[in-house]
Amino acid sequence: MNHIALKMPLLTPLPIPMVLHLFKWQRKLLKKTVGAIQEDELDHAAWLLLENKVREKRHAVYTLMNPLIQAEQRSRETGLSTSWMLQVLTAHMPGQQPVPSQTLSLWRERNLLRYQEWGRPDADSAATLLLARMVDERIRNWLPTTVGEDEPHWWCWRQDTPEMVPIPCPTPLPADLPLSVLLWTPWGGAAWDPHWLKIGTGRGAIRWAGAVSEHRCVRWTISQQELQRWDPEAAAFTIDFPECAEDMSHTLAHLALFRLARTRLNFSTRS
């Protein structure tokens, strides 16, 4: 796995083309500042600066968008709209230079901004655009030319067993993930999708790969045996009540996620 992919969960929710575009700008800017420096040292410093900027601005994006998304989910009314995007992007443009509506149409054609439906941007995609805008200080050329339609939206951490080293995993998630795989991300907006469990106030999100939706609720489908491997203490809270076995299994898997998040989210935010 190349070094770019290994960095992607730290730079979430940005896709690879946006990360590379921002890195090249950060590297160029840094080179002008520090002067003579070894290329590998320059790369290392540029990556660290980019990670720090993304971490800082990612929280700002979540803080800005989360009340809007939460209100939208409660009322079923559209809050995240094209007009809202134009207003917020303009507010974060250098000199508050207005962003024409035609620009959003162009970004949509180039897959830089995805939409759920007409006039309603995808939340993760909107967050990506706002994050790139906050990180890059240029008036122009702050986005790549295009993003491929098959490009992963963002990357999280994946751990197949407690003994294995975490590796990057693309989202949307691969269809062949074992149900017991543990996934987490420092991107709190992941929990706008109910298949992710929110941890803290935008600190991050965590989930099991195995999850099914039932009547607007999500149920974890990890087996008791697999849960025992991940968190023996949580799995030990069993009650001999056959009628509630499925509910109990889900509840214990939910508890285990909160317990596992204590160490996993520390890992995901480490430079």
# chains A, B, ... in the order shown; residues from 1 in each chain; ligands from 1
>>> residues_around(residues="range 26-40 of chain A", least_positions_apart="2", cutoff="12 Å", atoms="only C-alpha atoms", output="ChimeraX atom specification")
/A:19-24,42-54,135-138,142
>>> write_last_selection(atoms="N, CA, C and O atoms", output="JSON list (two decimals), in the first residue's frame")
[["chain", "number", "residue", "atom", "x", "y", "z"],
["A", 19, "VAL", "N", -6.48, 15.83, -1.86],
["A", 19, "VAL", "CA", -5.32, 15.79, -0.97],
["A", 19, "VAL", "C", -4.04, 16.08, -1.75],
["A", 19, "VAL", "O", -3.21, 16.88, -1.32],
["A", 20, "LEU", "N", -3.88, 15.44, -2.89],
["A", 20, "LEU", "CA", -2.68, 15.67, -3.69],
["A", 20, "LEU", "C", -2.59, 17.11, -4.17],
["A", 20, "LEU", "O", -1.51, 17.71, -4.20],
["A", 21, "HIS", "N", -3.73, 17.69, -4.53],
["A", 21, "HIS", "CA", -3.76, 19.08, -4.98],
["A", 21, "HIS", "C", -3.34, 20.02, -3.85],
["A", 21, "HIS", "O", -2.53, 20.94, -4.06],
["A", 22, "LEU", "N", -3.86, 19.79, -2.66],
["A", 22, "LEU", "CA", -3.52, 20.62, -1.51],
["A", 22, "LEU", "C", -2.07, 20.41, -1.08],
["A", 22, "LEU", "O", -1.38, 21.35, -0.67],
["A", 23, "PHE", "N", -1.59, 19.18, -1.19],
["A", 23, "PHE", "CA", -0.21, 18.89, -0.81],
["A", 23, "PHE", "C", 0.78, 19.63, -1.72],
["A", 23, "PHE", "O", 1.77, 20.20, -1.25],
["A", 24, "LYS", "N", 0.52, 19.62, -3.01],
["A", 24, "LYS", "CA", 1.42, 20.30, -3.95],
["A", 24, "LYS", "C", 1.48, 21.80, -3.65],
["A", 24, "LYS", "O", 2.55, 22.41, -3.70],
["A", 42, "LEU", "N", 11.40, 18.17, 2.83],
["A", 42, "LEU", "CA", 10.36, 19.10, 2.39],
["A", 42, "LEU", "C", 9.01, 18.40, 2.31],
["A", 42, "LEU", "O", 7.98, 18.92, 2.76],
["A", 43, "ASP", "N", 9.01, 17.19, 1.74],
["A", 43, "ASP", "CA", 7.77, 16.41, 1.64],
["A", 43, "ASP", "C", 7.20, 16.11, 3.02],
["A", 43, "ASP", "O", 6.00, 16.26, 3.26],
["A", 44, "HIS", "N", 8.09, 15.68, 3.92],
["A", 44, "HIS", "CA", 7.64, 15.32, 5.27],
["A", 44, "HIS", "C", 7.03, 16.53, 5.97],
["A", 44, "HIS", "O", 5.95, 16.43, 6.59],
["A", 45, "ALA", "N", 7.70, 17.67, 5.87],
["A", 45, "ALA", "CA", 7.20, 18.88, 6.52],
["A", 45, "ALA", "C", 5.87, 19.33, 5.91],
["A", 45, "ALA", "O", 4.97, 19.77, 6.63],
["A", 46, "ALA", "N", 5.76, 19.23, 4.59],
["A", 46, "ALA", "CA", 4.52, 19.63, 3.92],
["A", 46, "ALA", "C", 3.35, 18.74, 4.33],
["A", 46, "ALA", "O", 2.23, 19.23, 4.55],
["A", 47, "TRP", "N", 3.60, 17.43, 4.46],
["A", 47, "TRP", "CA", 2.54, 16.52, 4.88],
["A", 47, "TRP", "C", 2.08, 16.84, 6.31],
["A", 47, "TRP", "O", 0.88, 16.86, 6.60],
["A", 48, "LEU", "N", 3.04, 17.11, 7.19],
["A", 48, "LEU", "CA", 2.68, 17.42, 8.57],
["A", 48, "LEU", "C", 1.85, 18.70, 8.66],
["A", 48, "LEU", "O", 0.86, 18.76, 9.39],
["A", 49, "LEU", "N", 2.25, 19.71, 7.91],
["A", 49, "LEU", "CA", 1.50, 20.97, 7.91],
["A", 49, "LEU", "C", 0.09, 20.76, 7.37],
["A", 49, "LEU", "O", -0.88, 21.30, 7.91],
["A", 50, "LEU", "N", -0.03, 19.96, 6.31],
["A", 50, "LEU", "CA", -1.34, 19.71, 5.73],
["A", 50, "LEU", "C", -2.22, 18.94, 6.71],
["A", 50, "LEU", "O", -3.40, 19.26, 6.88],
["A", 51, "GLU", "N", -1.67, 17.92, 7.37],
["A", 51, "GLU", "CA", -2.44, 17.15, 8.34],
["A", 51, "GLU", "C", -2.94, 18.04, 9.47],
["A", 51, "GLU", "O", -4.09, 17.93, 9.91],
["A", 52, "ASN", "N", -2.08, 18.93, 9.94],
["A", 52, "ASN", "CA", -2.47, 19.83, 11.03],
["A", 52, "ASN", "C", -3.58, 20.79, 10.59],
["A", 52, "ASN", "O", -4.53, 21.06, 11.33],
["A", 53, "LYS", "N", -3.45, 21.32, 9.38],
["A", 53, "LYS", "CA", -4.47, 22.24, 8.87],
["A", 53, "LYS", "C", -5.80, 21.52, 8.68],
["A", 53, "LYS", "O", -6.87, 22.05, 9.03],
["A", 54, "VAL", "N", -5.75, 20.32, 8.12],
["A", 54, "VAL", "CA", -6.99, 19.56, 7.90],
["A", 54, "VAL", "C", -7.65, 19.23, 9.24],
["A", 54, "VAL", "O", -8.87, 19.34, 9.39],
["A", 135, "VAL", "N", -8.75, 25.25, 3.98],
["A", 135, "VAL", "CA", -7.34, 24.89, 4.07],
["A", 135, "VAL", "C", -6.50, 25.70, 3.09],
["A", 135, "VAL", "O", -5.41, 26.18, 3.42],
["A", 136, "ASP", "N", -7.00, 25.87, 1.87],
["A", 136, "ASP", "CA", -6.25, 26.55, 0.81],
["A", 136, "ASP", "C", -6.57, 28.05, 0.82],
["A", 136, "ASP", "O", -7.74, 28.44, 0.79],
["A", 137, "GLU", "N", -5.54, 28.87, 0.86],
["A", 137, "GLU", "CA", -5.74, 30.32, 0.98],
["A", 137, "GLU", "C", -5.80, 31.03, -0.36],
["A", 137, "GLU", "O", -5.94, 32.26, -0.40],
["A", 138, "ARG", "N", -5.67, 30.30, -1.44],
["A", 138, "ARG", "CA", -5.67, 30.95, -2.76],
["A", 138, "ARG", "C", -7.09, 31.33, -3.18],
["A", 138, "ARG", "O", -8.07, 30.68, -2.81],
["A", 142, "TRP", "N", -7.88, 26.44, -6.20],
["A", 142, "TRP", "CA", -7.82, 25.75, -4.91],
["A", 142, "TRP", "C", -8.47, 24.37, -4.95],
["A", 142, "TRP", "O", -8.49, 23.67, -3.93]]
>>> select_by_dssp(residues="range 122-237 of chain A", states="helix (DSSP H, G or I)", output="list in words")
Ala123, Asp124, Ser125, Ala126, Ala127, Thr128, Leu129, Leu130, Leu131, Ala132, Arg133, Met134, Val135, Gly188, Gly189, Ala190, Ala191, Trp192, Gln224, Gln225, Glu226, Leu227, Gln228, Arg229, Trp230, Pro232, Glu233, Ala234 and Ala235 of chain A
>>> closest_atom_pairs(of="range 39-157 of chain A", to="range 3-15 of chain A", cutoff="8 Å", atoms="only C-alpha atoms", output="Markdown table")
| residue | atom | partner | partner_atom | distance |
| --- | --- | --- | --- | --- |
| A:Glu51 | CA | A:Leu11 | CA | 6.2 |
| A:Val54 | CA | A:Leu11 | CA | 6.2 |
| A:Arg55 | CA | A:Leu11 | CA | 7.4 |
| A:Asp124 | CA | A:Pro13 | CA | 7.1 |
| A:Ala127 | CA | A:Pro13 | CA | 7.5 |
| A:Thr128 | CA | A:Leu14 | CA | 5.5 |
| A:Leu131 | CA | A:Leu14 | CA | 7.9 |
| A:Ala132 | CA | A:Leu14 | CA | 7.9 |
| A:Glu151 | CA | A:Pro15 | CA | 7.4 |
| A:Pro152 | CA | A:Pro15 | CA | 6.5 |
| A:His153 | CA | A:Pro15 | CA | 5.5 |
| A:Trp154 | CA | A:Pro13 | CA | 4.8 |
| A:Trp155 | CA | A:Pro9 | CA | 4.9 |
| A:Cys156 | CA | A:Pro9 | CA | 4.7 |
| A:Trp157 | CA | A:Pro9 | CA | 6.0 |
>>> write_last_selection(atoms="N, CA, C and O atoms", output="CSV table (one decimal), in the first residue's frame")
chain,number,residue,atom,x,y,z
A,51,GLU,N,-1.7,17.9,7.4
A,51,GLU,CA,-2.4,17.2,8.3
A,51,GLU,C,-2.9,18.0,9.5
A,51,GLU,O,-4.1,17.9,9.9
A,54,VAL,N,-5.8,20.3,8.1
A,54,VAL,CA,-7.0,19.6,7.9
A,54,VAL,C,-7.6,19.2,9.2
A,54,VAL,O,-8.9,19.3,9.4
A,55,ARG,N,-6.9,18.8,10.2
A,55,ARG,CA,-7.4,18.5,11.5
A,55,ARG,C,-8.1,19.7,12.1
A,55,ARG,O,-9.2,19.6,12.7
A,124,ASP,N,-21.4,14.9,2.8
A,124,ASP,CA,-20.0,14.6,2.9
A,124,ASP,C,-19.2,15.4,1.8
A,124,ASP,O,-18.1,15.9,2.0
A,127,ALA,N,-19.0,19.0,2.7
A,127,ALA,CA,-18.0,19.2,3.7
A,127,ALA,C,-16.6,19.1,3.1
A,127,ALA,O,-15.7,19.9,3.6
A,128,THR,N,-16.4,18.3,2.2
A,128,THR,CA,-15.1,18.2,1.5
A,128,THR,C,-14.7,19.5,0.8
A,128,THR,O,-13.6,20.0,0.9
A,131,LEU,N,-14.0,22.1,3.4
A,131,LEU,CA,-12.7,21.9,4.0
A,131,LEU,C,-11.5,22.3,3.1
A,131,LEU,O,-10.6,23.0,3.6
A,132,ALA,N,-11.6,22.0,1.9
A,132,ALA,CA,-10.6,22.4,0.9
A,132,ALA,C,-10.5,23.9,0.8
A,132,ALA,O,-9.4,24.5,0.8
A,151,GLU,N,-13.8,7.3,-7.8
A,151,GLU,CA,-12.9,7.7,-6.7
A,151,GLU,C,-13.6,7.5,-5.4
A,151,GLU,O,-14.7,7.9,-5.2
A,152,PRO,N,-13.0,6.8,-4.4
A,152,PRO,CA,-13.6,6.7,-3.1
A,152,PRO,C,-13.9,8.1,-2.5
A,152,PRO,O,-13.1,9.0,-2.7
A,153,HIS,N,-15.0,8.2,-1.8
A,153,HIS,CA,-15.4,9.6,-1.3
A,153,HIS,C,-14.4,10.0,-0.2
A,153,HIS,O,-14.0,11.2,-0.2
A,154,TRP,N,-14.1,9.1,0.7
A,154,TRP,CA,-13.1,9.4,1.8
A,154,TRP,C,-12.6,8.1,2.3
A,154,TRP,O,-13.1,7.0,1.9
A,155,TRP,N,-11.7,8.2,3.3
A,155,TRP,CA,-11.0,7.0,3.8
A,155,TRP,C,-11.1,6.9,5.3
A,155,TRP,O,-11.0,7.9,6.0
A,156,CYS,N,-11.3,5.7,5.8
A,156,CYS,CA,-11.4,5.5,7.3
A,156,CYS,C,-10.3,4.5,7.6
A,156,CYS,O,-9.6,4.0,6.8
A,157,TRP,N,-10.2,4.1,8.9
A,157,TRP,CA,-9.3,3.1,9.3
A,157,TRP,C,-10.1,1.8,9.4
A,157,TRP,O,-11.3,1.7,9.8
>>> atom_distance(atom1="CA of Ala261 in chain A", atom2="CA of His215 in chain A")
26.2 Å
>>> select_by_dssp(residues="range 43-269 of chain A", states="strand (DSSP E or B)", output="MDAnalysis selection string")
chainID A and resid 115:117 120:121 154:159 167:171 182:185 197:199 204:208 211:214 217:220
>>> residues_around(residues="Met65 in chain A", least_positions_apart="3", cutoff="12 Å", atoms="only C-alpha atoms", output="PyMOL selection string")
chain A and resi 58-62+68-72+79-81+84-85+88+122-128+130-131+188-189+192+202
>>> atom_distance(atom1="CA of Trp220 in chain A", atom2="CA of Trp208 in chain A")
6.8 Å
>>> closest_residue(among="A:Glu233, A:Glu109, A:Glu56, A:Asp176", to="Gly148 in chain A", atoms="only C-alpha atoms")
A:Glu109
>>> atom_distance(atom1="CA of Val212 in chain A", atom2="CA of Leu182 in chain A")
15.2 Å
